[in-house]
Amino acid sequence: MKVESVMITGANRGIGLEFVKQLSQLDEPPKYIFATYRSADSLKELNGIKESAQKTRIILIKMDVTSLEEIEVAKQIVEETVGDRGLNLLINNAGAVKMVTFPNLTTENLEFHYKINTEGPILVTQMMLPCLEKAASLQSGGMSVSRAAILNMTSLAGSIKNAGFEFTQDLHVPGYKISKAALNMAMRVIGALVKDKGILVVMMCPGWVKTDMGGRENAQLEPEESIAAMIKTLSTLDESSHACYMDRLGNPYPF
Ligand code: NDP
């Protein structure tokens, strides 16, 4: 996959961190990776990747996806760095889960998931849109991740059709499931609205991955495997995948 600039939210651990690592190790890696983090407490691994990157400039940016002010500052840093080249790929990866089960749901729990998993990616996408448009305008023809794209790290847990059928363990985190279904809708709408601008939008599930969120014992995939598969899939996507919901291999999934 050849892409000049990438922004990854929640890049200090888990799936986001592995994305930074693998993208910076590509044969032709991005020139810039904007790796955002929420707290400076856990930057050791990210700093290590930054220091060992040979051809990529990894720029760390503090950005809580629930803070408009911090998203605005991040946008300025990206704009100042990429200039007229724009931003090619935004990976809305930051996400969170807190288990509270029905009928004990609270407004606090529902809002927690909505703010981080739904509202966050929407606000980041809105803010970064001019940078993505700039990158898209430099190339004509079809859609691709090399041109301009938004990858949303969703979950198969967000499928309304399969809720309670395919996999039932996640019924214990309704707040999370609802927020990912809402994310899918948000990005379906955004996808329709940016289609003419040549910006590809996809919603992808990484699989059940051994991270803090996925859990180390029951999850099926090492981060290395999941992210390698997603990077491979990303390189194959074109307009036929626009605004689609898929697994890490690119197989379509029902909304
Ligand atoms: P982790 O819990 O390991 O990491 C989550 C990342 O998101 C951390 O960097 C965390 O930062 C960041 N984050 C959380 N809240 C915010 C916020 N308000 N602002 C900015 N950053 C924030 O999760 P994973 O790496 O496993 O998950 C990444 C994405 O993949 C999520 O969107 C998740 O829903 C999705 N996913 C994961 C699956 C899995 O099996 N692991 C399965 C399906 C989907 P901090 O360190 O500061 O908390």
# chains A, B, ... in the order shown; residues from 1 in each chain; ligands from 1
$ select_by_dssp --residues "segment 59-229 of chain A" --states "strand (DSSP E or B)" --output "short mmCIF file (atom, residue, chain, number, x, y, z; two decimals) with N, CA and C atoms, in the first residue's frame"
data_model
loop_
_atom_site.label_atom_id
_atom_site.label_comp_id
_atom_site.auth_asym_id
_atom_site.auth_seq_id
_atom_site.Cartn_x
_atom_site.Cartn_y
_atom_site.Cartn_z
N ILE A 59 4.68 11.81 13.81
CA ILE A 59 4.42 13.03 14.57
C ILE A 59 3.36 12.72 15.63
N LEU A 60 3.75 12.84 16.87
CA LEU A 60 2.82 12.53 17.98
C LEU A 60 1.98 13.77 18.30
N ILE A 61 0.69 13.56 18.40
CA ILE A 61 -0.21 14.69 18.69
C ILE A 61 -1.16 14.29 19.81
N LYS A 62 -1.23 15.14 20.82
CA LYS A 62 -2.20 14.86 21.90
C LYS A 62 -3.60 15.22 21.42
N LEU A 89 -4.94 9.48 4.32
CA LEU A 89 -5.71 8.44 5.03
C LEU A 89 -5.93 8.82 6.49
N LEU A 90 -7.19 8.83 6.88
CA LEU A 90 -7.55 9.04 8.29
C LEU A 90 -8.04 7.70 8.83
N ILE A 91 -7.40 7.22 9.89
CA ILE A 91 -7.87 5.98 10.52
C ILE A 91 -8.52 6.34 11.87
N ASN A 92 -9.84 6.29 11.89
CA ASN A 92 -10.59 6.54 13.13
C ASN A 92 -10.57 5.26 13.95
N ALA A 149 -8.81 8.57 1.87
CA ALA A 149 -9.74 7.59 2.46
C ALA A 149 -9.91 7.80 3.97
N ILE A 150 -11.06 7.34 4.45
CA ILE A 150 -11.34 7.33 5.89
C ILE A 150 -11.63 5.87 6.26
N LEU A 151 -10.76 5.31 7.10
CA LEU A 151 -10.99 3.95 7.59
C LEU A 151 -11.54 4.04 9.00
N ASN A 152 -12.73 3.52 9.19
CA ASN A 152 -13.35 3.54 10.51
C ASN A 152 -13.24 2.17 11.15
N MET A 153 -12.59 2.14 12.33
CA MET A 153 -12.44 0.87 13.02
C MET A 153 -13.76 0.60 13.74
N ALA A 163 -27.31 -8.98 15.58
CA ALA A 163 -27.30 -8.85 17.05
C ALA A 163 -28.10 -9.99 17.68
N PHE A 167 -23.12 -14.02 17.34
CA PHE A 167 -22.19 -13.99 18.46
C PHE A 167 -22.94 -13.32 19.58
N LEU A 200 -12.71 7.86 -0.29
CA LEU A 200 -13.25 6.52 0.02
C LEU A 200 -13.53 6.41 1.52
N VAL A 201 -14.69 5.88 1.87
CA VAL A 201 -15.04 5.69 3.29
C VAL A 201 -15.35 4.21 3.51
N VAL A 202 -14.70 3.61 4.50
CA VAL A 202 -15.03 2.22 4.81
C VAL A 202 -15.14 1.99 6.31
N MET A 203 -15.96 1.01 6.68
CA MET A 203 -16.11 0.59 8.06
C MET A 203 -15.60 -0.84 8.14
N MET A 204 -14.51 -1.02 8.91
CA MET A 204 -13.88 -2.35 8.93
C MET A 204 -13.77 -2.88 10.36
N VAL A 209 -9.29 -9.19 18.52
CA VAL A 209 -7.85 -9.01 18.62
C VAL A 209 -7.38 -8.92 20.06
N LEU A 221 -6.97 -13.24 17.55
CA LEU A 221 -5.91 -12.76 16.66
C LEU A 221 -4.86 -11.94 17.39
#
$ residues_around --residues "Gln25 of chain A" --least-positions-apart "2" --cutoff "12 Å" --atoms "only C-alpha atoms" --output "count of residues only"
25
$ residues_near_ligand --ligand "ligand 1" --cutoff "9 Å" --atoms "only C-alpha atoms and all ligand atoms" --output "PDB file with N, CA and C atoms, in the first residue's frame"
ATOM      1  N   THR A   9      -5.906   7.702  15.061  1.00  0.00           N
ATOM      2  CA  THR A   9      -6.305   8.111  16.412  1.00  0.00           C
ATOM      3  C   THR A   9      -6.145   6.923  17.369  1.00  0.00           C
ATOM      4  N   GLY A  10      -5.873   7.242  18.623  1.00  0.00           N
ATOM      5  CA  GLY A  10      -5.676   6.180  19.625  1.00  0.00           C
ATOM      6  C   GLY A  10      -4.493   5.311  19.255  1.00  0.00           C
ATOM      7  N   ALA A  11      -3.344   5.968  18.974  1.00  0.00           N
ATOM      8  CA  ALA A  11      -2.200   5.244  18.410  1.00  0.00           C
ATOM      9  C   ALA A  11      -1.183   4.805  19.451  1.00  0.00           C
ATOM     10  N   ASN A  12      -1.474   5.007  20.719  1.00  0.00           N
ATOM     11  CA  ASN A  12      -0.458   4.701  21.735  1.00  0.00           C
ATOM     12  C   ASN A  12      -0.471   3.247  22.193  1.00  0.00           C
ATOM     13  N   ARG A  13      -1.542   2.503  21.871  1.00  0.00           N
ATOM     14  CA  ARG A  13      -1.560   1.078  22.266  1.00  0.00           C
ATOM     15  C   ARG A  13      -2.514   0.308  21.355  1.00  0.00           C
ATOM     16  N   GLY A  14      -2.495  -1.010  21.512  1.00  0.00           N
ATOM     17  CA  GLY A  14      -3.447  -1.861  20.795  1.00  0.00           C
ATOM     18  C   GLY A  14      -3.332  -1.755  19.269  1.00  0.00           C
ATOM     19  N   ILE A  15      -4.476  -1.739  18.647  1.00  0.00           N
ATOM     20  CA  ILE A  15      -4.557  -1.766  17.183  1.00  0.00           C
ATOM     21  C   ILE A  15      -3.925  -0.523  16.556  1.00  0.00           C
ATOM     22  N   GLY A  16      -4.150   0.627  17.157  1.00  0.00           N
ATOM     23  CA  GLY A  16      -3.586   1.873  16.621  1.00  0.00           C
ATOM     24  C   GLY A  16      -2.072   1.837  16.609  1.00  0.00           C
ATOM     25  N   LEU A  17      -1.489   1.362  17.709  1.00  0.00           N
ATOM     26  CA  LEU A  17      -0.027   1.282  17.810  1.00  0.00           C
ATOM     27  C   LEU A  17       0.533   0.340  16.744  1.00  0.00           C
ATOM     28  N   GLU A  18      -0.137  -0.796  16.553  1.00  0.00           N
ATOM     29  CA  GLU A  18       0.326  -1.774  15.567  1.00  0.00           C
ATOM     30  C   GLU A  18       0.226  -1.200  14.146  1.00  0.00           C
ATOM     31  N   THR A  36      -2.020   9.981  17.048  1.00  0.00           N
ATOM     32  CA  THR A  36      -2.599  10.753  18.151  1.00  0.00           C
ATOM     33  C   THR A  36      -2.799   9.882  19.384  1.00  0.00           C
ATOM     34  N   TYR A  37      -2.703  10.533  20.529  1.00  0.00           N
ATOM     35  CA  TYR A  37      -2.848   9.843  21.815  1.00  0.00           C
ATOM     36  C   TYR A  37      -3.645  10.731  22.747  1.00  0.00           C
ATOM     37  N   ARG A  38      -4.245  10.125  23.759  1.00  0.00           N
ATOM     38  CA  ARG A  38      -5.065  10.913  24.686  1.00  0.00           C
ATOM     39  C   ARG A  38      -4.267  11.374  25.899  1.00  0.00           C
ATOM     40  N   SER A  39      -3.408  10.482  26.389  1.00  0.00           N
ATOM     41  CA  SER A  39      -2.662  10.845  27.597  1.00  0.00           C
ATOM     42  C   SER A  39      -1.189  10.532  27.387  1.00  0.00           C
ATOM     43  N   ALA A  40      -0.342  11.395  27.933  1.00  0.00           N
ATOM     44  CA  ALA A  40       1.103  11.232  27.743  1.00  0.00           C
ATOM     45  C   ALA A  40       1.679  10.135  28.643  1.00  0.00           C
ATOM     46  N   ASP A  41       0.808   9.468  29.413  1.00  0.00           N
ATOM     47  CA  ASP A  41       1.299   8.469  30.376  1.00  0.00           C
ATOM     48  C   ASP A  41       1.827   7.190  29.720  1.00  0.00           C
ATOM     49  N   SER A  42       1.312   6.874  28.527  1.00  0.00           N
ATOM     50  CA  SER A  42       1.666   5.573  27.945  1.00  0.00           C
ATOM     51  C   SER A  42       2.207   5.722  26.521  1.00  0.00           C
ATOM     52  N   LEU A  43       3.305   6.456  26.414  1.00  0.00           N
ATOM     53  CA  LEU A  43       3.844   6.721  25.067  1.00  0.00           C
ATOM     54  C   LEU A  43       5.152   5.980  24.800  1.00  0.00           C
ATOM     55  N   LYS A  62      -1.234  15.136  20.817  1.00  0.00           N
ATOM     56  CA  LYS A  62      -2.199  14.855  21.900  1.00  0.00           C
ATOM     57  C   LYS A  62      -3.599  15.221  21.420  1.00  0.00           C
ATOM     58  N   MET A  63      -4.475  14.242  21.391  1.00  0.00           N
ATOM     59  CA  MET A  63      -5.840  14.523  20.923  1.00  0.00           C
ATOM     60  C   MET A  63      -6.839  13.541  21.537  1.00  0.00           C
ATOM     61  N   ASP A  64      -7.621  14.058  22.457  1.00  0.00           N
ATOM     62  CA  ASP A  64      -8.757  13.292  22.964  1.00  0.00           C
ATOM     63  C   ASP A  64      -9.864  13.487  21.926  1.00  0.00           C
ATOM     64  N   VAL A  65     -10.437  12.413  21.431  1.00  0.00           N
ATOM     65  CA  VAL A  65     -11.432  12.568  20.355  1.00  0.00           C
ATOM     66  C   VAL A  65     -12.739  13.201  20.852  1.00  0.00           C
ATOM     67  N   THR A  66     -12.845  13.402  22.168  1.00  0.00           N
ATOM     68  CA  THR A  66     -14.035  14.089  22.683  1.00  0.00           C
ATOM     69  C   THR A  66     -13.775  15.585  22.892  1.00  0.00           C
ATOM     70  N   SER A  67     -12.574  16.033  22.551  1.00  0.00           N
ATOM     71  CA  SER A  67     -12.238  17.451  22.759  1.00  0.00           C
ATOM     72  C   SER A  67     -12.104  18.185  21.429  1.00  0.00           C
ATOM     73  N   ASN A  92      -9.841   6.291  11.890  1.00  0.00           N
ATOM     74  CA  ASN A  92     -10.588   6.540  13.130  1.00  0.00           C
ATOM     75  C   ASN A  92     -10.569   5.263  13.947  1.00  0.00           C
ATOM     76  N   ASN A  93      -9.545   5.158  14.772  1.00  0.00           N
ATOM     77  CA  ASN A  93      -9.335   3.909  15.515  1.00  0.00           C
ATOM     78  C   ASN A  93      -9.700   4.007  16.998  1.00  0.00           C
ATOM     79  N   ALA A  94      -9.511   5.170  17.604  1.00  0.00           N
ATOM     80  CA  ALA A  94      -9.729   5.306  19.052  1.00  0.00           C
ATOM     81  C   ALA A  94     -11.121   4.793  19.416  1.00  0.00           C
ATOM     82  N   GLY A  95     -11.192   4.026  20.466  1.00  0.00           N
ATOM     83  CA  GLY A  95     -12.483   3.491  20.875  1.00  0.00           C
ATOM     84  C   GLY A  95     -12.397   2.981  22.299  1.00  0.00           C
ATOM     85  N   ALA A  96     -13.554   2.762  22.896  1.00  0.00           N
ATOM     86  CA  ALA A  96     -13.560   2.314  24.293  1.00  0.00           C
ATOM     87  C   ALA A  96     -14.796   1.479  24.580  1.00  0.00           C
ATOM     88  N   VAL A  97     -14.686   0.668  25.621  1.00  0.00           N
ATOM     89  CA  VAL A  97     -15.826  -0.143  26.052  1.00  0.00           C
ATOM     90  C   VAL A  97     -15.841  -0.210  27.578  1.00  0.00           C
ATOM     91  N   PHE A 112     -21.020   7.618  27.432  1.00  0.00           N
ATOM     92  CA  PHE A 112     -19.583   7.307  27.360  1.00  0.00           C
ATOM     93  C   PHE A 112     -19.261   6.679  26.001  1.00  0.00           C
ATOM     94  N   LYS A 115     -20.031   9.137  22.968  1.00  0.00           N
ATOM     95  CA  LYS A 115     -19.078  10.248  22.831  1.00  0.00           C
ATOM     96  C   LYS A 115     -17.775   9.789  22.183  1.00  0.00           C
ATOM     97  N   ILE A 116     -17.250   8.655  22.641  1.00  0.00           N
ATOM     98  CA  ILE A 116     -15.934   8.219  22.139  1.00  0.00           C
ATOM     99  C   ILE A 116     -16.056   7.473  20.811  1.00  0.00           C
ATOM    100  N   ASN A 117     -17.006   6.556  20.711  1.00  0.00           N
ATOM    101  CA  ASN A 117     -17.044   5.665  19.541  1.00  0.00           C
ATOM    102  C   ASN A 117     -17.833   6.220  18.355  1.00  0.00           C
ATOM    103  N   GLY A 120     -16.867  11.038  18.469  1.00  0.00           N
ATOM    104  CA  GLY A 120     -15.433  11.293  18.249  1.00  0.00           C
ATOM    105  C   GLY A 120     -15.053  11.164  16.778  1.00  0.00           C
ATOM    106  N   ASN A 152     -12.727   3.523   9.193  1.00  0.00           N
ATOM    107  CA  ASN A 152     -13.348   3.539  10.512  1.00  0.00           C
ATOM    108  C   ASN A 152     -13.239   2.169  11.148  1.00  0.00           C
ATOM    109  N   MET A 153     -12.591   2.142  12.325  1.00  0.00           N
ATOM    110  CA  MET A 153     -12.444   0.874  13.018  1.00  0.00           C
ATOM    111  C   MET A 153     -13.762   0.603  13.743  1.00  0.00           C
ATOM    112  N   THR A 154     -14.604  -0.152  13.065  1.00  0.00           N
ATOM    113  CA  THR A 154     -15.879  -0.482  13.678  1.00  0.00           C
ATOM    114  C   THR A 154     -15.774  -1.898  14.229  1.00  0.00           C
ATOM    115  N   SER A 155     -16.895  -2.524  14.448  1.00  0.00           N
ATOM    116  CA  SER A 155     -16.889  -3.887  14.980  1.00  0.00           C
ATOM    117  C   SER A 155     -18.080  -4.632  14.396  1.00  0.00           C
ATOM    118  N   LEU A 156     -17.918  -5.935  14.255  1.00  0.00           N
ATOM    119  CA  LEU A 156     -19.074  -6.729  13.825  1.00  0.00           C
ATOM    120  C   LEU A 156     -20.151  -6.668  14.915  1.00  0.00           C
ATOM    121  N   ALA A 157     -19.748  -6.255  16.124  1.00  0.00           N
ATOM    122  CA  ALA A 157     -20.710  -6.057  17.228  1.00  0.00           C
ATOM    123  C   ALA A 157     -21.716  -4.958  16.881  1.00  0.00           C
ATOM    124  N   TYR A 176     -21.787  -0.327  23.868  1.00  0.00           N
ATOM    125  CA  TYR A 176     -20.747  -0.415  22.831  1.00  0.00           C
ATOM    126  C   TYR A 176     -21.373  -0.770  21.488  1.00  0.00           C
ATOM    127  N   LYS A 180     -21.385   1.504  17.983  1.00  0.00           N
ATOM    128  CA  LYS A 180     -20.752   1.094  16.723  1.00  0.00           C
ATOM    129  C   LYS A 180     -21.794   1.035  15.597  1.00  0.00           C
ATOM    130  N   MET A 204     -14.514  -1.024   8.908  1.00  0.00           N
ATOM    131  CA  MET A 204     -13.883  -2.345   8.928  1.00  0.00           C
ATOM    132  C   MET A 204     -13.768  -2.879  10.356  1.00  0.00           C
ATOM    133  N   CYS A 205     -14.037  -4.167  10.493  1.00  0.00           N
ATOM    134  CA  CYS A 205     -13.838  -4.821  11.793  1.00  0.00           C
ATOM    135  C   CYS A 205     -12.477  -5.526  11.772  1.00  0.00           C
ATOM    136  N   PRO A 206     -11.666  -5.305  12.805  1.00  0.00           N
ATOM    137  CA  PRO A 206     -10.327  -5.920  12.808  1.00  0.00           C
ATOM    138  C   PRO A 206     -10.312  -7.397  13.159  1.00  0.00           C
ATOM    139  N   GLY A 207     -11.481  -7.949  13.534  1.00  0.00           N
ATOM    140  CA  GLY A 207     -11.512  -9.311  14.093  1.00  0.00           C
ATOM    141  C   GLY A 207     -11.410  -9.187  15.611  1.00  0.00           C
ATOM    142  N   TRP A 208     -11.406 -10.327  16.290  1.00  0.00           N
ATOM    143  CA  TRP A 208     -11.304 -10.283  17.758  1.00  0.00           C
ATOM    144  C   TRP A 208      -9.820 -10.340  18.102  1.00  0.00           C
ATOM    145  N   VAL A 209      -9.295  -9.192  18.524  1.00  0.00           N
ATOM    146  CA  VAL A 209      -7.848  -9.008  18.616  1.00  0.00           C
ATOM    147  C   VAL A 209      -7.378  -8.920  20.064  1.00  0.00           C
ATOM    148  N   LYS A 210      -6.225  -9.535  20.317  1.00  0.00           N
ATOM    149  CA  LYS A 210      -5.640  -9.557  21.674  1.00  0.00           C
ATOM    150  C   LYS A 210      -5.048  -8.187  22.024  1.00  0.00           C
ATOM    151  N   THR A 211      -5.906  -7.340  22.568  1.00  0.00           N
ATOM    152  CA  THR A 211      -5.480  -6.019  23.042  1.00  0.00           C
ATOM    153  C   THR A 211      -6.097  -5.831  24.420  1.00  0.00           C
ATOM    154  N   ASP A 212      -5.923  -4.645  25.002  1.00  0.00           N
ATOM    155  CA  ASP A 212      -6.574  -4.392  26.299  1.00  0.00           C
ATOM    156  C   ASP A 212      -8.087  -4.523  26.139  1.00  0.00           C
ATOM    157  N   MET A 213      -8.608  -4.009  25.023  1.00  0.00           N
ATOM    158  CA  MET A 213     -10.052  -4.102  24.816  1.00  0.00           C
ATOM    159  C   MET A 213     -10.492  -5.522  24.485  1.00  0.00           C
ATOM    160  N   GLY A 214      -9.798  -6.156  23.566  1.00  0.00           N
ATOM    161  CA  GLY A 214     -10.198  -7.491  23.112  1.00  0.00           C
ATOM    162  C   GLY A 214      -9.965  -8.571  24.154  1.00  0.00           C
ATOM    163  N   GLY A 215      -9.051  -8.288  25.111  1.00  0.00           N
ATOM    164  CA  GLY A 215      -8.689  -9.300  26.113  1.00  0.00           C
ATOM    165  C   GLY A 215      -7.612 -10.205  25.543  1.00  0.00           C
ATOM    166  N   ALA A 219      -9.446 -13.677  22.954  1.00  0.00           N
ATOM    167  CA  ALA A 219      -9.389 -13.116  21.596  1.00  0.00           C
ATOM    168  C   ALA A 219      -8.610 -14.052  20.678  1.00  0.00           C
ATOM    169  N   GLN A 220      -8.945 -13.982  19.382  1.00  0.00           N
ATOM    170  CA  GLN A 220      -8.407 -14.968  18.438  1.00  0.00           C
ATOM    171  C   GLN A 220      -7.160 -14.530  17.679  1.00  0.00           C
ATOM    172  N   LEU A 221      -6.973 -13.238  17.554  1.00  0.00           N
ATOM    173  CA  LEU A 221      -5.906 -12.759  16.665  1.00  0.00           C
ATOM    174  C   LEU A 221      -4.858 -11.935  17.386  1.00  0.00           C
ATOM    175  N   PRO A 223      -2.383  -8.809  17.280  1.00  0.00           N
ATOM    176  CA  PRO A 223      -2.486  -7.547  16.543  1.00  0.00           C
ATOM    177  C   PRO A 223      -1.718  -7.583  15.208  1.00  0.00           C
TER     178      PRO A 223
END
$ residues_around --residues "segment 240-244 of chain A" --least-positions-apart "4" --cutoff "10 Å" --atoms "only C-alpha atoms" --output "ChimeraX atom specification"
/A:142-144,149-151,184-185,187-192,194-195,198-204,236,250-255
$ write_last_selection --atoms "C-alpha atoms" --output "PDB file, in the first residue's frame"
ATOM      1  CA  GLY A 142     -11.264   6.200  -9.076  1.00  0.00           C
ATOM      2  CA  MET A 143     -11.199   5.952  -5.322  1.00  0.00           C
ATOM      3  CA  SER A 144      -8.317   4.406  -3.423  1.00  0.00           C
ATOM      4  CA  ALA A 149      -9.737   7.595   2.463  1.00  0.00           C
ATOM      5  CA  ILE A 150     -11.344   7.326   5.888  1.00  0.00           C
ATOM      6  CA  LEU A 151     -10.988   3.947   7.586  1.00  0.00           C
ATOM      7  CA  ASN A 184     -21.739   2.742  10.848  1.00  0.00           C
ATOM      8  CA  MET A 185     -24.762   4.901  10.084  1.00  0.00           C
ATOM      9  CA  MET A 187     -20.107   6.941   8.127  1.00  0.00           C
ATOM     10  CA  ARG A 188     -22.681   5.648   5.644  1.00  0.00           C
ATOM     11  CA  VAL A 189     -24.168   9.161   5.609  1.00  0.00           C
ATOM     12  CA  ILE A 190     -20.755  10.838   5.403  1.00  0.00           C
ATOM     13  CA  GLY A 191     -19.775   8.387   2.658  1.00  0.00           C
ATOM     14  CA  ALA A 192     -22.777   9.411   0.575  1.00  0.00           C
ATOM     15  CA  VAL A 194     -18.284  12.879   0.177  1.00  0.00           C
ATOM     16  CA  LYS A 195     -18.654  10.424  -2.684  1.00  0.00           C
ATOM     17  CA  GLY A 198     -13.309  11.074  -4.383  1.00  0.00           C
ATOM     18  CA  ILE A 199     -12.809  10.230  -0.703  1.00  0.00           C
ATOM     19  CA  LEU A 200     -13.247   6.525   0.017  1.00  0.00           C
ATOM     20  CA  VAL A 201     -15.043   5.691   3.285  1.00  0.00           C
ATOM     21  CA  VAL A 202     -15.027   2.220   4.814  1.00  0.00           C
ATOM     22  CA  MET A 203     -16.113   0.592   8.059  1.00  0.00           C
ATOM     23  CA  MET A 204     -13.883  -2.345   8.928  1.00  0.00           C
ATOM     24  CA  THR A 236      -7.213  -3.478  -2.812  1.00  0.00           C
ATOM     25  CA  GLY A 250     -12.764  -7.207   2.878  1.00  0.00           C
ATOM     26  CA  ASN A 251     -15.749  -9.566   3.051  1.00  0.00           C
ATOM     27  CA  PRO A 252     -18.974  -7.547   3.240  1.00  0.00           C
ATOM     28  CA  TYR A 253     -20.945  -7.717   6.471  1.00  0.00           C
ATOM     29  CA  PRO A 254     -24.665  -6.945   6.975  1.00  0.00           C
ATOM     30  CA  PHE A 255     -25.454  -3.654   8.673  1.00  0.00           C
TER      31      PHE A 255
END
$ closest_residue --among "A:Asn47, A:Asn218, A:Ser179, A:Gln169" --to "Asn109 of chain A" --atoms "only C-alpha atoms"
A:Ser179
$ select_by_dssp --residues "segment 51-233 of chain A" --states "helix (DSSP H, G or I)" --output "PyMOL selection string"
chain A and resi 51-52+68-85+107-137+156-158+169-172+174-197+223-233
$ closest_residue --among "A:Glu72, A:Glu45, A:Glu225, A:Ser24" --to "Val124 of chain A" --atoms "only C-alpha atoms"
A:Glu72
$ atom_distance --atom1 "atom CA of Glu222 of chain A" --atom2 "atom CA of Asp247 of chain A"
15.6 Å
$ closest_residue --among "A:Arg147, A:His172, A:Lys75, A:Arg85" --to "Phe102 of chain A" --atoms "only C-alpha atoms"
A:His172
